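Trainee: Below you'll find the structure I mean.
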Amino acid sequence: MGIEKRGKRADFEAFYRSWIWRRAREDYRKKIIFCERCGAVGTQVHHKVRLTPQNLNDPEIALDESNMELLCDECHEKEHGKHKMRADEAGHVELEAPL
């Protein structure tokens, strides 16, 4: 993996570990209980507009509730499978994870 990709991964990891994301995620989860796609118990707060290095620091994309949806593990995996990406149980995106 090149230095540029490692730097981008580190930016994403730092965001998903940040107190501001954890607070926004938990505030959203307090409002919504069930997966917004299938109705199962929701477990993952997902960004509707995919986070990129260009918009990661834009609070209107990264932290705004209008860009969030609560998904169950299965729906979240399906969504990230579209992008050949995966998120772990804490919601951290693995940018180059094999499916």
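Residues in the structure tokens are numbered from 1 in each chain, the chains being A, B, ... in the order shown, and ligands are numbered from 1 in the order shown.
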Fewer than 4 positions away in the same chain doesn't count, so skip those; otherwise give me all residues within 12 Å of Tyr28 of chain A, counting only C-alpha atoms, as a PyMOL selection string.

Mentor: chain A and resi 21-24+32-34+42-47+63-71

Trainee: Just list as a VMD selection string whatever in segment 4-63 of chain A DSSP marks as strand (DSSP E or B).

Mentor: chain A and resid 34 41 44 to 47

Trainee: When distances are computed from only C-alpha atoms, which of A:Arg25, A:Glu79, A:Asp73, A:Ile20 shows the smallest separation from Lys48 of chain A?

Mentor: A:Glu79

Trainee: How far is it from atom CA of Phe15 of chain A to atom CA of Asn55 of chain A, in Å with one decimal?

Mentor: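 Interatomic distance here is 11.6 Å.
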
Trainee: Pick the closest to Cys35 of chain A from A:Cys75, A:Arg50, A:Leu56, A:Ala14: which is it, counting only C-alpha atoms?

Mentor: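 When distances to Cys35 of chain A are compared using only C-alpha atoms, the smallest one comes from A:Cys75.
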